[in-house]
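Visitor: Take a look at model-v2.pdb, PDB, C-alpha atoms:
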```pdb
ATOM      1  CA  MET A  19      67.977 -82.369   1.352
ATOM      2  CA  MET A  20      65.752 -81.704  -1.655
ATOM      3  CA  ASP A  21      64.576 -78.191  -2.435
ATOM      4  CA  LYS A  22      60.929 -77.363  -1.904
ATOM      5  CA  ILE A  23      59.119 -75.244  -4.501
ATOM      6  CA  THR A  24      55.808 -73.690  -3.476
ATOM      7  CA  VAL A  25      53.648 -72.586  -6.401
ATOM      8  CA  VAL A  26      51.196 -69.859  -5.352
ATOM      9  CA  VAL A  27      48.132 -69.736  -7.620
ATOM     10  CA  PRO A  28      45.561 -66.935  -7.098
ATOM     11  CA  CYS A  29      42.115 -68.107  -8.251
ATOM     12  CA  TYR A  30      38.896 -66.236  -8.843
ATOM     13  CA  ASN A  31      36.171 -68.205 -10.634
ATOM     14  CA  GLU A  32      38.665 -70.454 -12.403
ATOM     15  CA  SER A  33      36.725 -73.736 -12.306
ATOM     16  CA  CYS A  34      36.792 -73.995 -16.102
ATOM     17  CA  VAL A  35      40.605 -74.181 -16.224
ATOM     18  CA  LEU A  36      41.637 -75.756 -12.916
ATOM     19  CA  THR A  37      41.675 -79.339 -14.207
ATOM     20  CA  THR A  38      43.781 -78.394 -17.230
ATOM     21  CA  PHE A  39      46.143 -76.395 -15.050
ATOM     22  CA  TYR A  40      46.539 -79.188 -12.488
ATOM     23  CA  ASP A  41      47.235 -81.789 -15.181
ATOM     24  CA  LYS A  42      49.986 -79.589 -16.655
ATOM     25  CA  ILE A  43      51.550 -78.990 -13.250
ATOM     26  CA  LYS A  44      51.558 -82.740 -12.509
ATOM     27  CA  LYS A  45      53.777 -83.236 -15.558
ATOM     28  CA  ILE A  46      56.174 -80.604 -14.267
ATOM     29  CA  LYS A  47      56.129 -82.297 -10.846
ATOM     30  CA  ASP A  48      57.066 -85.613 -12.495
ATOM     31  CA  LYS A  49      60.056 -84.026 -14.221
ATOM     32  CA  LEU A  50      61.281 -82.420 -11.000
ATOM     33  CA  VAL A  51      60.597 -85.347  -8.678
ATOM     34  CA  SER A  52      64.293 -86.315  -8.381
ATOM     35  CA  GLU A  53      65.432 -82.716  -7.806
ATOM     36  CA  ALA A  54      62.766 -80.861  -5.843
ATOM     37  CA  ILE A  55      59.434 -81.227  -4.074
ATOM     38  CA  LEU A  56      56.772 -79.184  -5.851
ATOM     39  CA  GLU A  57      53.805 -78.066  -3.765
ATOM     40  CA  LEU A  58      50.709 -76.242  -5.040
ATOM     41  CA  LEU A  59      49.171 -73.521  -2.883
ATOM     42  CA  PHE A  60      45.903 -72.228  -4.331
ATOM     43  CA  VAL A  61      44.397 -68.982  -3.039
ATOM     44  CA  ASP A  62      40.646 -68.845  -3.624
ATOM     45  CA  ASP A  63      39.778 -65.161  -3.832
ATOM     46  CA  GLY A  64      36.124 -65.512  -2.831
ATOM     47  CA  SER A  65      35.057 -67.380  -5.982
ATOM     48  CA  SER A  66      31.320 -67.754  -6.680
ATOM     49  CA  ASP A  67      31.637 -70.793  -8.971
ATOM     50  CA  GLU A  68      32.879 -74.339  -8.249
ATOM     51  CA  THR A  69      36.510 -73.286  -7.699
ATOM     52  CA  LEU A  70      36.534 -73.916  -3.940
ATOM     53  CA  SER A  71      34.823 -77.311  -4.272
ATOM     54  CA  MET A  72      37.392 -78.374  -6.853
ATOM     55  CA  LEU A  73      40.236 -77.236  -4.605
ATOM     56  CA  ARG A  74      38.834 -79.278  -1.729
ATOM     57  CA  ARG A  75      38.791 -82.374  -3.932
ATOM     58  CA  LEU A  76      42.303 -81.770  -5.245
ATOM     59  CA  SER A  77      43.661 -81.260  -1.733
ATOM     60  CA  ALA A  78      41.968 -84.433  -0.510
ATOM     61  CA  SER A  79      43.401 -86.544  -3.352
ATOM     62  CA  ASP A  80      46.881 -84.989  -3.547
ATOM     63  CA  LYS A  81      48.700 -84.137  -0.324
ATOM     64  CA  THR A  82      51.030 -81.769  -2.161
ATOM     65  CA  VAL A  83      48.043 -79.499  -2.870
ATOM     66  CA  ARG A  84      47.012 -76.913  -0.303
ATOM     67  CA  TYR A  85      44.503 -74.092  -0.491
ATOM     68  CA  ILE A  86      43.258 -71.101   1.438
ATOM     69  CA  SER A  87      39.938 -69.409   0.790
ATOM     70  CA  PHE A  88      38.912 -65.805   1.449
ATOM     71  CA  SER A  89      35.618 -64.782   3.057
ATOM     72  CA  ARG A  90      34.926 -62.647  -0.039
ATOM     73  CA  ASN A  91      36.676 -61.288  -3.109
ATOM     74  CA  PHE A  92      39.593 -59.123  -1.905
ATOM     75  CA  GLY A  93      41.396 -58.916  -5.261
ATOM     76  CA  LYS A  94      44.432 -60.501  -6.849
ATOM     77  CA  GLU A  95      46.917 -58.362  -4.915
ATOM     78  CA  ALA A  96      45.519 -59.639  -1.614
ATOM     79  CA  ALA A  97      45.632 -63.207  -2.972
ATOM     80  CA  ILE A  98      49.311 -62.855  -3.926
ATOM     81  CA  TYR A  99      50.146 -61.418  -0.504
ATOM     82  CA  ALA A 100      48.264 -64.192   1.310
ATOM     83  CA  GLY A 101      49.927 -66.860  -0.810
ATOM     84  CA  LEU A 102      53.399 -65.504  -0.111
ATOM     85  CA  LYS A 103      52.642 -65.428   3.624
ATOM     86  CA  GLU A 104      51.526 -69.069   3.560
ATOM     87  CA  ALA A 105      54.341 -70.279   1.285
ATOM     88  CA  ASP A 106      57.237 -71.962   3.050
ATOM     89  CA  GLY A 107      59.295 -73.318   0.172
ATOM     90  CA  ASP A 108      62.960 -72.671  -0.547
ATOM     91  CA  PHE A 109      61.678 -71.232  -3.823
ATOM     92  CA  THR A 110      58.285 -69.628  -4.371
ATOM     93  CA  VAL A 111      56.497 -69.266  -7.704
ATOM     94  CA  ILE A 112      53.577 -66.938  -8.427
ATOM     95  CA  MET A 113      51.485 -67.848 -11.458
ATOM     96  CA  ASP A 114      47.927 -67.643 -12.791
ATOM     97  CA  ALA A 115      45.704 -70.669 -13.348
ATOM     98  CA  ASP A 116      44.412 -69.513 -16.752
ATOM     99  CA  MET A 117      47.402 -71.013 -18.629
ATOM    100  CA  GLN A 118      48.678 -67.608 -19.749
ATOM    101  CA  ASP A 119      51.697 -68.421 -17.583
ATOM    102  CA  PRO A 120      53.152 -71.577 -19.214
ATOM    103  CA  PRO A 121      53.958 -74.135 -16.470
ATOM    104  CA  LYS A 122      56.944 -75.456 -18.468
ATOM    105  CA  TYR A 123      58.936 -72.372 -17.494
ATOM    106  CA  ILE A 124      58.944 -73.468 -13.834
ATOM    107  CA  ILE A 125      61.717 -75.926 -14.709
ATOM    108  CA  GLU A 126      63.671 -73.283 -16.611
ATOM    109  CA  MET A 127      63.335 -70.800 -13.751
ATOM    110  CA  TYR A 128      64.493 -73.387 -11.226
ATOM    111  CA  ASN A 129      67.503 -74.351 -13.343
ATOM    112  CA  MET A 130      68.479 -70.704 -13.805
ATOM    113  CA  LEU A 131      68.425 -70.105 -10.059
ATOM    114  CA  LYS A 132      70.314 -73.312  -9.292
ATOM    115  CA  LEU A 133      73.030 -72.675 -11.889
ATOM    116  CA  ASN A 134      73.474 -68.969 -11.146
ATOM    117  CA  ARG A 135      73.780 -68.188  -7.445
ATOM    118  CA  GLU A 136      73.920 -64.482  -8.261
ATOM    119  CA  LEU A 137      70.282 -64.543  -9.378
ATOM    120  CA  ASP A 138      67.650 -64.041  -6.692
ATOM    121  CA  CYS A 139      64.569 -64.143  -8.893
ATOM    122  CA  VAL A 140      63.548 -65.213 -12.396
ATOM    123  CA  ALA A 141      60.513 -63.463 -13.898
ATOM    124  CA  ALA A 142      58.480 -63.855 -17.079
ATOM    125  CA  LYS A 143      57.957 -61.100 -19.619
ATOM    126  CA  ARG A 144      55.660 -60.961 -22.631
ATOM    127  CA  ILE A 145      57.383 -59.581 -25.727
ATOM    128  CA  THR A 146      54.081 -59.146 -27.582
ATOM    129  CA  ARG A 147      50.450 -58.547 -26.669
ATOM    130  CA  ALA A 148      49.020 -60.352 -29.691
ATOM    131  CA  GLY A 149      45.387 -61.286 -29.162
ATOM    132  CA  GLU A 150      44.581 -58.361 -26.880
ATOM    133  CA  PRO A 151      42.255 -55.538 -27.991
ATOM    134  CA  PRO A 152      44.316 -52.735 -29.626
ATOM    135  CA  VAL A 153      42.962 -50.109 -27.218
ATOM    136  CA  ARG A 154      44.027 -52.177 -24.223
ATOM    137  CA  THR A 155      47.488 -52.742 -25.704
ATOM    138  CA  PHE A 156      47.922 -49.015 -26.418
ATOM    139  CA  LEU A 157      46.833 -48.004 -22.910
ATOM    140  CA  ALA A 158      49.158 -50.609 -21.346
ATOM    141  CA  HIS A 159      52.173 -49.251 -23.237
ATOM    142  CA  MET A 160      51.216 -45.674 -22.300
ATOM    143  CA  PHE A 161      50.920 -46.672 -18.647
ATOM    144  CA  TYR A 162      54.413 -48.177 -18.529
ATOM    145  CA  ARG A 163      55.883 -45.132 -20.279
ATOM    146  CA  LEU A 164      54.186 -42.797 -17.840
ATOM    147  CA  ILE A 165      54.964 -44.677 -14.634
ATOM    148  CA  ASN A 166      58.611 -45.117 -15.606
ATOM    149  CA  LYS A 167      58.905 -41.344 -16.124
ATOM    150  CA  VAL A 168      57.376 -40.381 -12.785
ATOM    151  CA  SER A 169      58.132 -43.390 -10.566
ATOM    152  CA  GLU A 170      61.071 -43.922  -8.263
ATOM    153  CA  VAL A 171      61.530 -47.457  -9.627
ATOM    154  CA  GLU A 172      61.776 -48.991 -13.111
ATOM    155  CA  ILE A 173      58.848 -51.276 -13.986
ATOM    156  CA  THR A 174      59.424 -53.499 -17.005
ATOM    157  CA  ASP A 175      56.848 -53.259 -19.788
ATOM    158  CA  GLY A 176      55.309 -56.684 -20.356
ATOM    159  CA  ALA A 177      56.436 -58.095 -17.000
ATOM    160  CA  ARG A 178      53.993 -60.536 -15.472
ATOM    161  CA  ASP A 179      53.477 -61.610 -11.877
ATOM    162  CA  TYR A 180      54.761 -65.038 -13.000
ATOM    163  CA  ARG A 181      58.135 -65.464 -11.291
ATOM    164  CA  MET A 182      60.212 -67.731  -9.074
ATOM    165  CA  MET A 183      61.875 -66.186  -6.026
ATOM    166  CA  ARG A 184      64.350 -67.333  -3.439
ATOM    167  CA  ARG A 185      63.243 -67.183   0.189
ATOM    168  CA  ASN A 186      65.076 -63.902   0.874
ATOM    169  CA  VAL A 187      63.148 -62.150  -1.917
ATOM    170  CA  VAL A 188      59.808 -63.420  -0.578
ATOM    171  CA  ASP A 189      60.702 -62.175   2.910
ATOM    172  CA  ALA A 190      61.608 -58.752   1.486
ATOM    173  CA  VAL A 191      58.294 -58.498  -0.388
ATOM    174  CA  LEU A 192      56.362 -59.461   2.759
ATOM    175  CA  ALA A 193      58.243 -56.814   4.743
ATOM    176  CA  LEU A 194      56.310 -54.219   2.708
ATOM    177  CA  SER A 195      52.999 -54.633   4.509
ATOM    178  CA  GLU A 196      51.027 -51.804   2.876
ATOM    179  CA  LYS A 197      47.298 -52.499   2.457
ATOM    180  CA  ARG A 198      46.737 -51.264  -1.101
ATOM    181  CA  ARG A 199      49.420 -53.187  -2.920
ATOM    182  CA  PHE A 200      50.889 -52.916  -6.401
ATOM    183  CA  SER A 201      53.052 -56.016  -6.735
ATOM    184  CA  LYS A 202      54.805 -55.080  -9.978
ATOM    185  CA  GLY A 203      56.131 -51.972  -8.273
ATOM    186  CA  ILE A 204      56.965 -53.839  -5.064
ATOM    187  CA  PHE A 205      58.984 -56.462  -6.960
ATOM    188  CA  SER A 206      60.997 -53.643  -8.548
ATOM    189  CA  TRP A 207      61.348 -51.650  -5.329
ATOM    190  CA  VAL A 208      62.846 -54.487  -3.268
ATOM    191  CA  GLY A 209      65.574 -54.892  -5.887
ATOM    192  CA  PHE A 210      67.624 -58.123  -6.018
ATOM    193  CA  ASN A 211      69.094 -59.608  -9.176
ATOM    194  CA  THR A 212      66.378 -60.697 -11.586
ATOM    195  CA  GLY A 213      66.714 -62.878 -14.674
ATOM    196  CA  TRP A 214      64.087 -62.756 -17.410
ATOM    197  CA  ILE A 215      62.325 -65.330 -19.560
ATOM    198  CA  GLU A 216      60.655 -63.857 -22.637
ATOM    199  CA  TYR A 217      57.765 -65.409 -24.541
ATOM    200  CA  GLU A 218      54.908 -64.557 -26.882
ATOM    201  CA  ASN A 219      51.534 -63.633 -25.436
ATOM    202  CA  ILE A 220      49.290 -66.642 -24.752
ATOM    203  CA  SER A 221      45.487 -66.450 -24.616
ATOM    204  CA  ARG A 222      43.467 -67.873 -21.732
ATOM    205  CA  ALA A 223      42.768 -71.599 -21.966
ATOM    206  CA  ALA A 224      39.106 -70.994 -21.110
ATOM    207  CA  GLY A 225      36.823 -68.406 -19.577
ATOM    208  CA  ASP A 226      37.062 -64.620 -19.673
ATOM    209  CA  THR A 227      39.497 -62.220 -18.088
ATOM    210  CA  LYS A 228      38.437 -60.814 -14.723
ATOM    211  CA  TRP A 229      40.021 -57.459 -15.547
ATOM    212  CA  SER A 230      37.732 -54.882 -17.152
ATOM    213  CA  LEU A 231      39.190 -51.817 -18.848
ATOM    214  CA  TRP A 232      37.945 -49.644 -15.991
ATOM    215  CA  GLY A 233      39.440 -52.045 -13.442
ATOM    216  CA  LEU A 234      42.811 -51.899 -15.180
ATOM    217  CA  MET A 235      42.715 -48.097 -15.235
ATOM    218  CA  LYS A 236      41.983 -47.999 -11.499
ATOM    219  CA  TYR A 237      44.808 -50.459 -10.897
ATOM    220  CA  ALA A 238      47.164 -48.326 -12.997
ATOM    221  CA  PHE A 239      46.249 -45.215 -11.003
ATOM    222  CA  GLU A 240      46.892 -47.147  -7.778
ATOM    223  CA  GLY A 241      50.331 -48.071  -9.086
ATOM    224  CA  ILE A 242      51.215 -44.488  -9.975
ATOM    225  CA  MET A 243      50.098 -43.205  -6.565
ATOM    226  CA  ALA A 244      51.927 -46.021  -4.771
ATOM    227  CA  PHE A 245      55.301 -45.302  -6.353
ATOM    228  CA  SER A 246      55.244 -41.628  -7.298
ATOM    229  CA  VAL A 247      54.370 -38.258  -5.758
ATOM    230  CA  PHE A 248      54.368 -36.597  -9.181
ATOM    231  CA  PRO A 249      50.541 -36.238  -9.321
ATOM    232  CA  LEU A 250      50.730 -34.082  -6.162
ATOM    233  CA  LEU A 251      53.155 -31.734  -7.923
ATOM    234  CA  LEU A 252      51.234 -31.695 -11.219
ATOM    235  CA  PRO A 253      48.973 -28.723 -10.252
ATOM    236  CA  LEU A 254      52.084 -26.506 -10.036
ATOM    237  CA  ILE A 255      52.254 -26.437 -13.846
ATOM    238  CA  PRO A 256      48.803 -24.879 -14.476
ATOM    239  CA  ALA A 257      49.309 -22.677 -11.404
ATOM    240  CA  ALA A 258      52.329 -21.105 -13.111
ATOM    241  CA  LEU A 259      50.361 -20.682 -16.341
ATOM    242  CA  PHE A 260      47.502 -18.957 -14.469
ATOM    243  CA  LEU A 261      49.928 -16.574 -12.840
ATOM    244  CA  VAL A 262      51.409 -15.599 -16.202
ATOM    245  CA  SER A 263      47.923 -15.300 -17.789
ATOM    246  CA  GLY A 264      46.730 -13.057 -14.976
ATOM    247  CA  ILE A 265      49.728 -10.736 -15.365
ATOM    248  CA  VAL A 266      49.213 -10.538 -19.148
ATOM    249  CA  LEU A 267      45.497  -9.757 -18.789
ATOM    250  CA  PHE A 268      46.270  -7.056 -16.207
ATOM    251  CA  ILE A 269      48.805  -5.440 -18.571
ATOM    252  CA  ILE A 270      46.303  -5.554 -21.475
ATOM    253  CA  ALA A 271      43.631  -3.935 -19.319
ATOM    254  CA  ALA A 272      46.029  -1.232 -18.164
ATOM    255  CA  VAL A 273      47.206  -0.412 -21.723
ATOM    256  CA  LYS A 274      43.850  -0.490 -23.585
ATOM    257  CA  GLY A 275      41.771   0.921 -20.784
ATOM    258  CA  LEU A 276      37.974   0.787 -20.715
ATOM    259  CA  SER A 277      37.602   0.112 -24.469
ATOM    260  CA  ALA A 278      38.703  -3.456 -23.930
ATOM    261  CA  VAL A 279      36.618  -4.094 -20.810
ATOM    262  CA  SER A 280      34.214  -6.541 -22.532
ATOM    263  CA  GLY A 281      37.058  -8.550 -24.037
ATOM    264  CA  ILE A 282      38.908  -8.637 -20.750
ATOM    265  CA  ALA A 283      35.726  -9.754 -18.960
ATOM    266  CA  ALA A 284      35.240 -12.650 -21.380
ATOM    267  CA  ALA A 285      38.876 -13.685 -20.998
ATOM    268  CA  LEU A 286      38.611 -13.521 -17.217
ATOM    269  CA  ALA A 287      35.405 -15.591 -17.246
ATOM    270  CA  SER A 288      37.079 -18.282 -19.355
ATOM    271  CA  LEU A 289      40.079 -18.233 -17.081
ATOM    272  CA  ILE A 290      37.869 -18.627 -13.992
ATOM    273  CA  PHE A 291      36.160 -21.699 -15.464
ATOM    274  CA  PHE A 292      39.514 -23.184 -16.395
ATOM    275  CA  VAL A 293      41.012 -22.477 -12.975
ATOM    276  CA  SER A 294      37.983 -23.988 -11.253
ATOM    277  CA  SER A 295      38.291 -27.238 -13.197
ATOM    278  CA  VAL A 296      41.995 -27.515 -12.375
ATOM    279  CA  VAL A 297      41.315 -26.807  -8.695
ATOM    280  CA  LEU A 298      38.750 -29.604  -8.613
ATOM    281  CA  PHE A 299      41.177 -31.906 -10.437
ATOM    282  CA  SER A 300      43.870 -31.068  -7.875
ATOM    283  CA  ILE A 301      41.483 -31.768  -5.015
ATOM    284  CA  GLY A 302      40.729 -35.132  -6.626
ATOM    285  CA  ILE A 303      44.433 -36.016  -6.723
ATOM    286  CA  ILE A 304      44.864 -35.038  -3.090
ATOM    287  CA  GLY A 305      41.758 -37.074  -2.251
ATOM    288  CA  GLY A 306      43.318 -40.109  -3.924
ATOM    289  CA  TYR A 307      46.414 -39.904  -1.761
ATOM    290  CA  MET A 308      44.315 -39.197   1.336
ATOM    291  CA  SER A 309      42.246 -42.313   0.635
ATOM    292  CA  LYS A 310      45.441 -44.391   0.630
ATOM    293  CA  ILE A 311      46.480 -42.821   3.948
ATOM    294  CA  TYR A 312      42.970 -43.481   5.309
ATOM    295  CA  SER A 313      43.214 -47.159   4.312
ATOM    296  CA  GLU A 314      46.584 -47.544   6.009
ATOM    297  CA  VAL A 315      45.498 -45.748   9.194
ATOM    298  CA  LYS A 316      42.437 -47.986   9.606
ATOM    299  CA  SER A 317      44.798 -50.996   9.616
ATOM    300  CA  ARG A 318      42.137 -53.362   8.349
ATOM    301  CA  PRO A 319      43.537 -56.753   7.298
ATOM    302  CA  THR A 320      44.428 -57.182   3.631
ATOM    303  CA  TYR A 321      42.220 -60.287   3.537
ATOM    304  CA  LEU A 322      40.122 -62.527   5.778
ATOM    305  CA  LEU A 323      40.306 -66.323   5.662
ATOM    306  CA  LYS A 324      37.169 -68.411   5.556
ATOM    307  CA  GLU A 325      38.788 -71.801   5.134
ATOM    308  CA  LYS A 326      42.132 -73.486   4.587
ATOM    309  CA  SER A 327      43.340 -77.000   3.915
ATOM    310  CA  VAL A 328      45.120 -79.035   6.549
ATOM    311  CA  SER A 329      48.856 -78.396   6.398
ATOM    312  CA  PHE A 330      51.482 -81.119   6.445
ATOM    313  CA  ALA A 331      52.844 -81.964   9.872
ATOM    314  CA  ASP A 332      56.362 -81.602   8.501
ATOM    315  CA  GLU A 333      58.356 -81.982   5.326
ATOM    316  CA  ALA A 334      59.004 -85.654   6.062
ATOM    317  CA  GLU A 335      55.333 -86.354   5.348
ATOM    318  CA  ILE A 336      55.677 -84.665   1.959
ATOM    319  CA  ARG A 337      58.664 -86.811   1.130
ATOM    320  CA  ILE A 338      56.813 -89.970   2.130
ATOM    321  CA  HIS A 339      53.951 -88.953  -0.142
ATOM    322  CA  GLU A 340      56.323 -88.156  -2.987
ATOM    323  CA  ALA A 341      57.993 -91.570  -2.572
ATOM    324  CA  GLN A 342      54.587 -93.267  -2.691
ATOM    325  CA  TYR A 343      53.643 -91.193  -5.716
ATOM    326  CA  THR A 344      56.847 -92.215  -7.498
ATOM    327  CA  ASP A 345      56.277 -95.904  -6.710
ATOM    328  CA  VAL A 346      52.746 -95.802  -8.064
ATOM    329  CA  ARG A 347      53.939 -94.016 -11.188
TER
END
```
Please lay out the structure from this file as structure tokens.

Guide:
Amino acid sequence: MMDKITVVVPCYNESCVLTTFYDKIKKIKDKLVSEAILELLFVDDGSSDETLSMLRRLSASDKTVRYISFSRNFGKEAAIYAGLKEADGDFTVIMDADMQDPPKYIIEMYNMLKLNRELDCVAAKRITRAGEPPVRTFLAHMFYRLINKVSEVEITDGARDYRMMRRNVVDAVLALSEKRRFSKGIFSWVGFNTGWIEYENISRAAGDTKWSLWGLMKYAFEGIMAFSVFPLLLPLIPAALFLVSGIVLFIIAAVKGLSAVSGIAAALASLIFFVSSVVLFSIGIIGGYMSKIYSEVKSRPTYLLKEKSVSFADEAEIRIHEAQYTDVR
């Protein structure tokens, strides 16, 4: 029996690149046709452009194309989670539609997993960030350094969501059903043996990135909170400094007496302002963790479906279609 590869593609306003992406994937499908069935599963993350209409047309013309569509924009993490839940292949790929994840590596990933039974997953990693704004590159490197110092798991700098996983890895990722997800951390947390494919950074084929600098910073903070409790312990450092400062000021006041009252008052006033700012900062950190708890307790769904394509009755229908496709070709 041939292997089935399900390619999960999160999409948010990607109408300008979908045709290019689909044409590239068709070439990969042709090369794999004698070894594996390749199925495309698009996840429309509440797009406001022509993305959904294009997916309907693709699904109607190619029975190896499926799609699901959200009722609104829930974010890429929700799209990845939904795609993994819908995927039923022996191997599952996650990749973007903007061509920053080269489709040609699907074949290399598949061959690596077939030749090495010890590997459970093959992931892609950028070795450069050429073409990105310098500030964004600097902040990205600082984020990975920070999270790897305070996190319970190692997250590879430059790692992308682009990866191929065996079924057991997909099941393990889905077992972590938290609402506010950070997939890069989840992929590391579940473990399994991972092989890497390295390549130079590739710019989008068309359109603009959906990630603003502020959005990336929020996402980074989510990742740190999801896989580290260090921010909760951070206020202990200034607390120790305040204790020492208070003791020193008390000793100075006791030794110099009333002559140094004005100086001591100024020092105490500065210390009060400083302490107040740190207290508010600490409350903000606690509020961040409480907001995550609040989200989990509400148990709202990670996403809501508005529409989905008709699924195949069974894999035999896929094989019949593939045989027809091969004959026509």

Visitor: List as number ranges by chain the protein and nucleic acid residues near A:Asn31, meaning an atom at most 12 Å away when all atoms listed in the file are counted, but skip any in the same chain fewer than 3 places from it.

Guide: A: 28, 34-36, 61-73, 91, 93-94, 114-116, 224-228

Visitor: Could you write those residues out with C-alpha atoms, as a PDB file, in the frame of the given file?

Guide:
```pdb
ATOM      1  CA  PRO A  28      45.561 -66.935  -7.098  1.00  0.00           C
ATOM      2  CA  CYS A  34      36.792 -73.995 -16.102  1.00  0.00           C
ATOM      3  CA  VAL A  35      40.605 -74.181 -16.224  1.00  0.00           C
ATOM      4  CA  LEU A  36      41.637 -75.756 -12.916  1.00  0.00           C
ATOM      5  CA  VAL A  61      44.397 -68.982  -3.039  1.00  0.00           C
ATOM      6  CA  ASP A  62      40.646 -68.845  -3.624  1.00  0.00           C
ATOM      7  CA  ASP A  63      39.778 -65.161  -3.832  1.00  0.00           C
ATOM      8  CA  GLY A  64      36.124 -65.512  -2.831  1.00  0.00           C
ATOM      9  CA  SER A  65      35.057 -67.380  -5.982  1.00  0.00           C
ATOM     10  CA  SER A  66      31.320 -67.754  -6.680  1.00  0.00           C
ATOM     11  CA  ASP A  67      31.637 -70.793  -8.971  1.00  0.00           C
ATOM     12  CA  GLU A  68      32.879 -74.339  -8.249  1.00  0.00           C
ATOM     13  CA  THR A  69      36.510 -73.286  -7.699  1.00  0.00           C
ATOM     14  CA  LEU A  70      36.534 -73.916  -3.940  1.00  0.00           C
ATOM     15  CA  SER A  71      34.823 -77.311  -4.272  1.00  0.00           C
ATOM     16  CA  MET A  72      37.392 -78.374  -6.853  1.00  0.00           C
ATOM     17  CA  LEU A  73      40.236 -77.236  -4.605  1.00  0.00           C
ATOM     18  CA  ASN A  91      36.676 -61.288  -3.109  1.00  0.00           C
ATOM     19  CA  GLY A  93      41.396 -58.916  -5.261  1.00  0.00           C
ATOM     20  CA  LYS A  94      44.432 -60.501  -6.849  1.00  0.00           C
ATOM     21  CA  ASP A 114      47.927 -67.643 -12.791  1.00  0.00           C
ATOM     22  CA  ALA A 115      45.704 -70.669 -13.348  1.00  0.00           C
ATOM     23  CA  ASP A 116      44.412 -69.513 -16.752  1.00  0.00           C
ATOM     24  CA  ALA A 224      39.106 -70.994 -21.110  1.00  0.00           C
ATOM     25  CA  GLY A 225      36.823 -68.406 -19.577  1.00  0.00           C
ATOM     26  CA  ASP A 226      37.062 -64.620 -19.673  1.00  0.00           C
ATOM     27  CA  THR A 227      39.497 -62.220 -18.088  1.00  0.00           C
ATOM     28  CA  LYS A 228      38.437 -60.814 -14.723  1.00  0.00           C
TER      29      LYS A 228
END
```

Visitor: For the structure shown, which residues end up in the PyMOL selection byres ((chain A and resi 44) around 12)? Put them as a PDB file with C-alpha atoms, keeping the file's coordinate frame, please?

Guide:
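File out_12.pdb, as written:
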```pdb
ATOM      1  CA  THR A  37      41.675 -79.339 -14.207  1.00  0.00           C
ATOM      2  CA  THR A  38      43.781 -78.394 -17.230  1.00  0.00           C
ATOM      3  CA  PHE A  39      46.143 -76.395 -15.050  1.00  0.00           C
ATOM      4  CA  TYR A  40      46.539 -79.188 -12.488  1.00  0.00           C
ATOM      5  CA  ASP A  41      47.235 -81.789 -15.181  1.00  0.00           C
ATOM      6  CA  LYS A  42      49.986 -79.589 -16.655  1.00  0.00           C
ATOM      7  CA  ILE A  43      51.550 -78.990 -13.250  1.00  0.00           C
ATOM      8  CA  LYS A  45      53.777 -83.236 -15.558  1.00  0.00           C
ATOM      9  CA  ILE A  46      56.174 -80.604 -14.267  1.00  0.00           C
ATOM     10  CA  LYS A  47      56.129 -82.297 -10.846  1.00  0.00           C
ATOM     11  CA  ASP A  48      57.066 -85.613 -12.495  1.00  0.00           C
ATOM     12  CA  LYS A  49      60.056 -84.026 -14.221  1.00  0.00           C
ATOM     13  CA  LEU A  50      61.281 -82.420 -11.000  1.00  0.00           C
ATOM     14  CA  VAL A  51      60.597 -85.347  -8.678  1.00  0.00           C
ATOM     15  CA  ILE A  55      59.434 -81.227  -4.074  1.00  0.00           C
ATOM     16  CA  LEU A  56      56.772 -79.184  -5.851  1.00  0.00           C
ATOM     17  CA  GLU A  57      53.805 -78.066  -3.765  1.00  0.00           C
ATOM     18  CA  LEU A  58      50.709 -76.242  -5.040  1.00  0.00           C
ATOM     19  CA  LEU A  76      42.303 -81.770  -5.245  1.00  0.00           C
ATOM     20  CA  ASP A  80      46.881 -84.989  -3.547  1.00  0.00           C
ATOM     21  CA  THR A  82      51.030 -81.769  -2.161  1.00  0.00           C
ATOM     22  CA  VAL A  83      48.043 -79.499  -2.870  1.00  0.00           C
ATOM     23  CA  PRO A 121      53.958 -74.135 -16.470  1.00  0.00           C
ATOM     24  CA  LYS A 122      56.944 -75.456 -18.468  1.00  0.00           C
ATOM     25  CA  ILE A 124      58.944 -73.468 -13.834  1.00  0.00           C
ATOM     26  CA  GLU A 340      56.323 -88.156  -2.987  1.00  0.00           C
ATOM     27  CA  TYR A 343      53.643 -91.193  -5.716  1.00  0.00           C
ATOM     28  CA  THR A 344      56.847 -92.215  -7.498  1.00  0.00           C
ATOM     29  CA  ARG A 347      53.939 -94.016 -11.188  1.00  0.00           C
TER      30      ARG A 347
END
```

Visitor: Given the choices A:Thr212, A:Tyr123, A:Gly203, A:Leu102, which gets closest to A:Ile165 if the distance is worked out from only C-alpha atoms?

Guide: A:Gly203

Visitor: Specify as a ChimeraX atom specification each residue included when the PyMOL selection byres ((chain A and resi 208) around 8) is applied to this file.

Guide: /A:187,190-191,204-207,209-210

Visitor: So what do you get for atom CA of A:Met308 versus atom CA of A:Ser89, distance-wise?

Guide: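 Computing it gives 27.1 Å between the two atoms.
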
Visitor: Could I get the residues of stretch 60-162 of chain A with an atom no further than 7 Å from an atom of stretch 173-186 of chain A, each paired with its nearest atom pair and that distance in Å to one decimal, using all atoms listed in the file, sorted by chain and residue number, as CSV?

Guide:
```
residue,atom,partner,partner_atom,distance
A:Asp108,CA,A:Arg185,CA,5.5
A:Phe109,CA,A:Arg184,CA,4.7
A:Thr110,CA,A:Met183,CA,5.2
A:Val111,CA,A:Met182,CA,4.2
A:Ile112,CA,A:Tyr180,CA,5.1
A:Met113,CA,A:Tyr180,CA,4.6
A:Asp119,CA,A:Tyr180,CA,6.5
A:Met127,CA,A:Met182,CA,6.4
A:Asp138,CA,A:Arg184,CA,5.7
A:Cys139,CA,A:Met183,CA,4.4
A:Val140,CA,A:Met182,CA,5.3
A:Ala141,CA,A:Arg181,CA,4.1
A:Ala142,CA,A:Tyr180,CA,5.6
A:Lys143,CA,A:Ala177,CA,4.3
A:Arg144,CA,A:Gly176,CA,4.9
A:Ile145,CA,A:Gly176,CA,6.4
A:Tyr162,CA,A:Asp175,CA,5.8
```
